[in-house]
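Student: The following file, entry.cif, comprises mmCIF, N, CA and C atoms:
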data_input
#
loop_
_atom_site.label_atom_id
_atom_site.label_comp_id
_atom_site.auth_asym_id
_atom_site.auth_seq_id
_atom_site.Cartn_x
_atom_site.Cartn_y
_atom_site.Cartn_z
N MET Q 1053 0.82 -1.18 0.00
CA MET Q 1053 0.00 0.00 0.00
C MET Q 1053 0.87 1.26 0.00
N VAL Q 1054 2.02 1.20 0.63
CA VAL Q 1054 2.90 2.35 0.62
C VAL Q 1054 3.45 2.53 -0.78
N GLY Q 1055 3.39 3.75 -1.27
CA GLY Q 1055 3.88 4.04 -2.61
C GLY Q 1055 2.84 3.90 -3.69
N ASP Q 1056 1.65 3.37 -3.34
CA ASP Q 1056 0.57 3.27 -4.32
C ASP Q 1056 0.00 4.65 -4.60
N TYR Q 1057 -0.62 4.78 -5.76
CA TYR Q 1057 -1.25 6.04 -6.13
C TYR Q 1057 -2.60 6.15 -5.43
N HIS Q 1058 -2.80 7.24 -4.71
CA HIS Q 1058 -4.06 7.47 -4.01
C HIS Q 1058 -4.58 8.85 -4.38
N GLY Q 1059 -5.08 9.00 -5.57
CA GLY Q 1059 -5.59 10.29 -6.02
C GLY Q 1059 -6.94 10.13 -6.68
N TRP Q 1060 -7.52 11.25 -7.03
CA TRP Q 1060 -8.82 11.30 -7.69
C TRP Q 1060 -8.60 11.10 -9.19
N ASP Q 1061 -9.38 10.21 -9.81
CA ASP Q 1061 -9.29 9.95 -11.24
C ASP Q 1061 -10.52 10.52 -11.93
N GLN Q 1062 -10.31 11.17 -13.07
CA GLN Q 1062 -11.42 11.79 -13.79
C GLN Q 1062 -12.15 10.75 -14.63
N GLU Q 1063 -13.49 10.78 -14.52
CA GLU Q 1063 -14.36 9.90 -15.32
C GLU Q 1063 -15.44 10.77 -15.94
N GLY Q 1064 -15.18 11.35 -17.09
CA GLY Q 1064 -16.14 12.25 -17.72
C GLY Q 1064 -16.22 13.56 -16.95
N ASP Q 1065 -17.44 13.92 -16.52
CA ASP Q 1065 -17.63 15.17 -15.77
C ASP Q 1065 -17.33 15.01 -14.29
N HIS Q 1066 -17.25 13.76 -13.81
CA HIS Q 1066 -17.06 13.51 -12.39
C HIS Q 1066 -15.66 12.96 -12.13
N TRP Q 1067 -15.28 12.98 -10.86
CA TRP Q 1067 -14.02 12.43 -10.40
C TRP Q 1067 -14.32 11.32 -9.41
N ARG Q 1068 -13.46 10.31 -9.33
CA ARG Q 1068 -13.68 9.18 -8.44
C ARG Q 1068 -12.43 8.90 -7.61
N PHE Q 1069 -12.67 8.62 -6.32
CA PHE Q 1069 -11.63 8.17 -5.40
C PHE Q 1069 -12.20 6.95 -4.70
N ALA Q 1070 -11.83 5.74 -5.15
CA ALA Q 1070 -12.42 4.48 -4.67
C ALA Q 1070 -13.93 4.54 -4.93
N ASP Q 1071 -14.77 4.49 -3.89
CA ASP Q 1071 -16.23 4.57 -4.07
C ASP Q 1071 -16.76 5.99 -3.97
N VAL Q 1072 -15.89 6.95 -3.70
CA VAL Q 1072 -16.30 8.34 -3.47
C VAL Q 1072 -16.36 9.07 -4.82
N VAL Q 1073 -17.45 9.84 -5.01
CA VAL Q 1073 -17.65 10.56 -6.27
C VAL Q 1073 -17.71 12.05 -5.98
N GLY Q 1074 -17.01 12.83 -6.80
CA GLY Q 1074 -17.01 14.28 -6.64
C GLY Q 1074 -16.94 14.97 -7.99
N ARG Q 1075 -17.03 16.30 -7.94
CA ARG Q 1075 -16.98 17.07 -9.19
C ARG Q 1075 -16.50 18.48 -8.88
N PRO Q 1076 -15.84 19.11 -9.82
CA PRO Q 1076 -15.50 20.52 -9.62
C PRO Q 1076 -16.75 21.37 -9.82
N LYS Q 1077 -17.03 22.25 -8.87
CA LYS Q 1077 -18.18 23.15 -8.99
C LYS Q 1077 -17.80 24.36 -9.83
N ASN Q 1078 -16.64 24.89 -9.56
CA ASN Q 1078 -16.05 25.96 -10.36
C ASN Q 1078 -14.54 25.88 -10.15
N GLU Q 1079 -13.82 26.91 -10.52
CA GLU Q 1079 -12.36 26.87 -10.43
C GLU Q 1079 -11.85 26.79 -9.00
N SER Q 1080 -12.64 27.28 -8.04
CA SER Q 1080 -12.13 27.34 -6.67
C SER Q 1080 -12.83 26.40 -5.69
N VAL Q 1081 -13.79 25.58 -6.16
CA VAL Q 1081 -14.53 24.69 -5.26
C VAL Q 1081 -14.64 23.30 -5.87
N PHE Q 1082 -14.30 22.27 -5.07
CA PHE Q 1082 -14.50 20.87 -5.44
C PHE Q 1082 -15.55 20.30 -4.51
N VAL Q 1083 -16.59 19.66 -5.06
CA VAL Q 1083 -17.71 19.16 -4.27
C VAL Q 1083 -17.70 17.63 -4.27
N ILE Q 1084 -17.73 17.05 -3.07
CA ILE Q 1084 -17.87 15.59 -2.93
C ILE Q 1084 -19.36 15.31 -2.83
N ASP Q 1085 -19.89 14.59 -3.84
CA ASP Q 1085 -21.32 14.32 -3.91
C ASP Q 1085 -21.73 13.15 -3.02
N ASN Q 1086 -20.95 12.07 -3.05
CA ASN Q 1086 -21.36 10.86 -2.35
C ASN Q 1086 -20.14 10.05 -1.95
N PHE Q 1087 -20.11 9.64 -0.69
CA PHE Q 1087 -19.02 8.79 -0.21
C PHE Q 1087 -19.23 7.33 -0.56
N GLY Q 1088 -20.44 6.93 -0.93
CA GLY Q 1088 -20.72 5.53 -1.23
C GLY Q 1088 -21.27 4.82 -0.01
N ALA Q 1089 -21.98 3.74 -0.24
CA ALA Q 1089 -22.68 3.05 0.84
C ALA Q 1089 -21.74 2.29 1.78
N GLU Q 1090 -20.67 1.75 1.26
CA GLU Q 1090 -19.78 0.91 2.06
C GLU Q 1090 -18.51 1.63 2.54
N THR Q 1091 -18.44 2.92 2.34
CA THR Q 1091 -17.24 3.68 2.71
C THR Q 1091 -17.15 3.84 4.21
N THR Q 1092 -15.97 3.61 4.77
CA THR Q 1092 -15.75 3.80 6.20
C THR Q 1092 -15.33 5.24 6.47
N ALA Q 1093 -15.33 5.63 7.73
CA ALA Q 1093 -14.93 6.98 8.10
C ALA Q 1093 -13.47 7.22 7.71
N ARG Q 1094 -12.64 6.21 7.85
CA ARG Q 1094 -11.22 6.35 7.49
C ARG Q 1094 -11.05 6.58 5.99
N GLN Q 1095 -11.83 5.86 5.17
CA GLN Q 1095 -11.77 6.06 3.73
C GLN Q 1095 -12.29 7.43 3.33
N ALA Q 1096 -13.34 7.89 4.02
CA ALA Q 1096 -13.88 9.22 3.75
C ALA Q 1096 -12.85 10.29 4.07
N LEU Q 1097 -12.15 10.13 5.19
CA LEU Q 1097 -11.10 11.09 5.57
C LEU Q 1097 -9.97 11.07 4.54
N SER Q 1098 -9.61 9.89 4.05
CA SER Q 1098 -8.57 9.80 3.01
C SER Q 1098 -9.00 10.50 1.74
N ALA Q 1099 -10.28 10.35 1.37
CA ALA Q 1099 -10.78 11.01 0.17
C ALA Q 1099 -10.75 12.52 0.32
N ILE Q 1100 -11.12 13.02 1.50
CA ILE Q 1100 -11.10 14.47 1.75
C ILE Q 1100 -9.68 14.99 1.72
N MET Q 1101 -8.76 14.29 2.39
CA MET Q 1101 -7.36 14.73 2.41
C MET Q 1101 -6.75 14.69 1.01
N SER Q 1102 -7.08 13.69 0.22
CA SER Q 1102 -6.57 13.60 -1.14
C SER Q 1102 -7.12 14.73 -2.00
N ALA Q 1103 -8.40 15.06 -1.81
CA ALA Q 1103 -9.00 16.16 -2.56
C ALA Q 1103 -8.35 17.48 -2.18
N MET Q 1104 -8.03 17.66 -0.90
CA MET Q 1104 -7.37 18.90 -0.46
C MET Q 1104 -5.99 19.03 -1.08
N ALA Q 1105 -5.31 17.90 -1.27
CA ALA Q 1105 -3.97 17.93 -1.86
C ALA Q 1105 -4.02 18.10 -3.38
N GLN Q 1106 -5.01 17.49 -4.01
CA GLN Q 1106 -5.06 17.48 -5.47
C GLN Q 1106 -5.73 18.72 -6.06
N PHE Q 1107 -6.76 19.23 -5.40
CA PHE Q 1107 -7.49 20.39 -5.91
C PHE Q 1107 -7.17 21.59 -5.03
N GLN Q 1108 -6.76 22.66 -5.63
CA GLN Q 1108 -6.24 23.80 -4.88
C GLN Q 1108 -7.30 24.65 -4.20
N GLY Q 1109 -8.56 24.50 -4.56
CA GLY Q 1109 -9.61 25.33 -3.97
C GLY Q 1109 -10.18 24.73 -2.71
N ARG Q 1110 -11.38 25.19 -2.36
CA ARG Q 1110 -12.08 24.70 -1.18
C ARG Q 1110 -12.73 23.36 -1.48
N ILE Q 1111 -12.96 22.59 -0.42
CA ILE Q 1111 -13.62 21.29 -0.53
C ILE Q 1111 -14.95 21.38 0.19
N GLN Q 1112 -16.02 20.95 -0.49
CA GLN Q 1112 -17.35 20.93 0.11
C GLN Q 1112 -17.93 19.53 -0.03
N VAL Q 1113 -18.80 19.14 0.93
CA VAL Q 1113 -19.44 17.83 0.92
C VAL Q 1113 -20.94 18.04 0.95
N VAL Q 1114 -21.66 17.40 0.01
CA VAL Q 1114 -23.12 17.49 -0.03
C VAL Q 1114 -23.69 16.67 1.13
N GLN Q 1115 -24.70 17.23 1.81
CA GLN Q 1115 -25.32 16.53 2.94
C GLN Q 1115 -26.33 15.51 2.43
N THR Q 1116 -26.00 14.23 2.61
CA THR Q 1116 -26.92 13.12 2.35
C THR Q 1116 -26.91 12.26 3.60
N ASP Q 1117 -27.76 11.23 3.64
CA ASP Q 1117 -27.81 10.37 4.82
C ASP Q 1117 -26.48 9.67 5.09
N SER Q 1118 -25.88 9.08 4.05
CA SER Q 1118 -24.61 8.37 4.26
C SER Q 1118 -23.48 9.35 4.53
N ASN Q 1119 -23.47 10.49 3.84
CA ASN Q 1119 -22.43 11.50 4.09
C ASN Q 1119 -22.53 12.05 5.50
N THR Q 1120 -23.76 12.29 5.97
CA THR Q 1120 -23.96 12.84 7.31
C THR Q 1120 -23.41 11.90 8.37
N ARG Q 1121 -23.65 10.61 8.21
CA ARG Q 1121 -23.15 9.61 9.17
C ARG Q 1121 -21.62 9.66 9.26
N LEU Q 1122 -20.96 9.71 8.13
CA LEU Q 1122 -19.50 9.72 8.11
C LEU Q 1122 -18.93 11.03 8.64
N ILE Q 1123 -19.51 12.15 8.25
CA ILE Q 1123 -19.02 13.45 8.71
C ILE Q 1123 -19.19 13.56 10.23
N GLN Q 1124 -20.31 13.08 10.77
CA GLN Q 1124 -20.54 13.13 12.21
C GLN Q 1124 -19.50 12.30 12.97
N LYS Q 1125 -19.16 11.12 12.43
CA LYS Q 1125 -18.13 10.28 13.06
C LYS Q 1125 -16.78 11.01 13.09
N LEU Q 1126 -16.43 11.66 11.99
CA LEU Q 1126 -15.15 12.35 11.91
C LEU Q 1126 -15.13 13.58 12.81
N LYS Q 1127 -16.27 14.28 12.93
CA LYS Q 1127 -16.35 15.44 13.82
C LYS Q 1127 -16.24 15.01 15.27
N GLU Q 1128 -16.92 13.92 15.65
CA GLU Q 1128 -16.87 13.43 17.03
C GLU Q 1128 -15.47 12.98 17.42
N ALA Q 1129 -14.73 12.46 16.46
CA ALA Q 1129 -13.36 12.02 16.72
C ALA Q 1129 -12.36 13.18 16.65
N SER Q 1130 -12.85 14.39 16.44
CA SER Q 1130 -12.02 15.60 16.32
C SER Q 1130 -10.99 15.49 15.20
N LEU Q 1131 -11.36 14.81 14.13
CA LEU Q 1131 -10.46 14.68 12.99
C LEU Q 1131 -10.81 15.64 11.86
N LEU Q 1132 -12.02 16.22 11.91
CA LEU Q 1132 -12.49 17.05 10.83
C LEU Q 1132 -13.26 18.24 11.38
N ARG Q 1133 -12.98 19.42 10.83
CA ARG Q 1133 -13.75 20.62 11.17
C ARG Q 1133 -14.49 21.06 9.92
N VAL Q 1134 -15.81 21.25 10.07
CA VAL Q 1134 -16.64 21.65 8.94
C VAL Q 1134 -17.56 22.79 9.34
N ALA Q 1135 -18.04 23.50 8.33
CA ALA Q 1135 -19.04 24.55 8.53
C ALA Q 1135 -20.19 24.27 7.58
N GLU Q 1136 -21.41 24.48 8.06
CA GLU Q 1136 -22.58 24.23 7.22
C GLU Q 1136 -22.74 25.36 6.20
N ILE Q 1137 -23.10 24.97 4.98
CA ILE Q 1137 -23.30 25.91 3.88
C ILE Q 1137 -24.63 25.56 3.23
N LYS Q 1138 -25.41 26.56 2.89
CA LYS Q 1138 -26.66 26.34 2.16
C LYS Q 1138 -26.53 27.02 0.80
N VAL Q 1139 -26.61 26.21 -0.25
CA VAL Q 1139 -26.52 26.70 -1.62
C VAL Q 1139 -27.87 26.42 -2.27
N GLY Q 1140 -28.73 27.42 -2.32
CA GLY Q 1140 -30.09 27.21 -2.84
C GLY Q 1140 -30.85 26.28 -1.92
N ASP Q 1141 -31.31 25.15 -2.45
CA ASP Q 1141 -32.00 24.15 -1.64
C ASP Q 1141 -31.06 23.05 -1.16
N VAL Q 1142 -29.81 23.10 -1.57
CA VAL Q 1142 -28.84 22.06 -1.23
C VAL Q 1142 -28.04 22.47 0.00
N HIS Q 1143 -27.97 21.57 0.98
CA HIS Q 1143 -27.17 21.80 2.17
C HIS Q 1143 -25.84 21.08 1.99
N GLN Q 1144 -24.76 21.77 2.34
CA GLN Q 1144 -23.42 21.21 2.20
C GLN Q 1144 -22.60 21.56 3.43
N TRP Q 1145 -21.45 20.90 3.56
CA TRP Q 1145 -20.45 21.26 4.56
C TRP Q 1145 -19.23 21.78 3.82
N GLY Q 1146 -18.65 22.83 4.33
CA GLY Q 1146 -17.37 23.30 3.84
C GLY Q 1146 -16.29 22.76 4.77
N VAL Q 1147 -15.30 22.12 4.23
CA VAL Q 1147 -14.23 21.54 5.04
C VAL Q 1147 -13.28 22.65 5.46
N LEU Q 1148 -13.17 22.84 6.77
CA LEU Q 1148 -12.30 23.89 7.31
C LEU Q 1148 -10.90 23.37 7.62
N GLY Q 1149 -10.81 22.13 8.04
CA GLY Q 1149 -9.51 21.59 8.38
C GLY Q 1149 -9.58 20.12 8.74
N VAL Q 1150 -8.43 19.46 8.65
CA VAL Q 1150 -8.31 18.04 8.96
C VAL Q 1150 -7.21 17.88 9.99
N GLN Q 1151 -7.48 17.12 11.03
CA GLN Q 1151 -6.48 16.80 12.06
C GLN Q 1151 -5.99 15.40 11.76
N THR Q 1152 -4.76 15.24 11.32
CA THR Q 1152 -4.27 13.93 10.93
C THR Q 1152 -3.66 13.16 12.08
N LYS Q 1153 -3.15 13.86 13.07
CA LYS Q 1153 -2.54 13.19 14.22
C LYS Q 1153 -3.19 13.71 15.49
N GLN Q 1154 -3.35 12.81 16.45
CA GLN Q 1154 -3.86 13.25 17.73
C GLN Q 1154 -2.75 13.97 18.47
N LYS Q 1155 -3.15 14.97 19.25
CA LYS Q 1155 -2.16 15.71 20.02
C LYS Q 1155 -1.59 14.80 21.10
N PRO Q 1156 -0.27 14.80 21.25
CA PRO Q 1156 0.32 13.94 22.28
C PRO Q 1156 -0.05 14.44 23.67
N LYS Q 1157 -0.28 13.50 24.54
CA LYS Q 1157 -0.60 13.86 25.91
C LYS Q 1157 0.69 14.25 26.62
N LYS Q 1158 0.59 15.32 27.40
CA LYS Q 1158 1.76 15.74 28.15
C LYS Q 1158 1.88 14.84 29.37
N ARG Q 1159 3.05 14.36 29.58
CA ARG Q 1159 3.29 13.51 30.73
C ARG Q 1159 3.82 14.38 31.87
N PHE Q 1160 3.30 14.15 33.01
CA PHE Q 1160 3.74 14.88 34.18
C PHE Q 1160 4.95 14.16 34.75
N LYS Q 1161 6.02 14.90 34.93
CA LYS Q 1161 7.24 14.31 35.48
C LYS Q 1161 7.50 14.92 36.85
N TRP Q 1162 7.73 14.06 37.77
CA TRP Q 1162 8.09 14.52 39.11
C TRP Q 1162 9.56 14.89 39.11
N LYS Q 1163 9.85 15.98 39.74
CA LYS Q 1163 11.26 16.39 39.84
C LYS Q 1163 11.56 16.57 41.33
N PHE Q 1164 12.62 15.96 41.74
CA PHE Q 1164 13.05 16.08 43.13
C PHE Q 1164 14.40 16.77 43.17
N TRP Q 1165 14.49 17.74 44.02
CA TRP Q 1165 15.75 18.45 44.19
C TRP Q 1165 16.32 18.12 45.55
N ALA Q 1166 17.58 18.00 45.57
CA ALA Q 1166 18.25 17.76 46.86
C ALA Q 1166 18.40 19.10 47.58
N SER Q 1167 18.07 19.11 48.87
CA SER Q 1167 18.19 20.37 49.59
C SER Q 1167 19.48 20.49 50.31
#
Now that the file is in, can you turn its structure into structure tokens?

Tutor:
Amino acid sequence: MVGDYHGWDQEGDHWRFADVVGRPKNESVFVIDNFGAETTARQALSAIMSAMAQFQGRIQVVQTDSNTRLIQKLKEASLLRVAEIKVGDVHQWGVLGVQTKQKPKKRFKWKFWAS
């Protein structure tokens, strides 16, 4: 798996990353339409991170039942920050940031000094 290509491939008007489907909305926005029925939260995070690296503009996710489930899992795990966006009748999330590593816990060290 290390060294394999993990990017979005163009298929006509849409782009595909494994089971995830997206499309460019305009020059500065890439929209993820559907994560797919069998996509895990980890795969969804990989698709978002890959889109952020491959497309220079903002990343948005359309709110559907399956997308909502995955986005909520990522938000609860503090791995993803999103903001709600309403475009006409369509509700979307704008991806604000991705946390790839958990913050290390600070260890308390006892220090003893000789008097």

Student: Would you return as a ChimeraX atom specification the members of range 1066-1158 of chain Q that DSSP assigns to strand (DSSP E or B) on this structure's backbone?

Tutor: /Q:1066-1069,1072-1078,1081-1086,1110-1114,1132-1139,1142-1150

Student: Find the distance between atom C of Asp1141 in chain Q and atom N of Glu1090 in chain Q and write it in Å to one decimal.

Tutor: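 Atom-to-atom, atom C of Asp1141 in chain Q to atom N of Glu1090 in chain Q, that is 23.8 Å.
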
Student: Residues near Met1104 in chain Q, anyone? I mean within 9 Å using only C-alpha atoms, not counting same-chain ones fewer than 6 positions away, as JSON, numbers by chain.

Tutor: {"Q": [1082, 1110, 1111]}

Student: One number please: atom N of Trp1145 in chain Q to atom N of Ala1070 in chain Q, in Å, one decimal.

Tutor: 20.0 Å

Student: Among the residues of chain Q, find those DSSP assigns to alpha helix (DSSP H) from the backbone and print them as a list of chain:residue names.

Tutor: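 The alpha helix (DSSP H) residues within chain Q come out as Q:Ala1093, Q:Arg1094, Q:Gln1095, Q:Ala1096, Q:Leu1097, Q:Ser1098, Q:Ala1099, Q:Ile1100, Q:Met1101, Q:Ser1102, Q:Ala1103, Q:Met1104, Q:Ala1105, Q:Gln1106, Q:Asp1117, Q:Ser1118, Q:Asn1119, Q:Thr1120, Q:Arg1121, Q:Leu1122, Q:Ile1123, Q:Gln1124, Q:Lys1125, Q:Leu1126, Q:Lys1127, Q:Glu1128.
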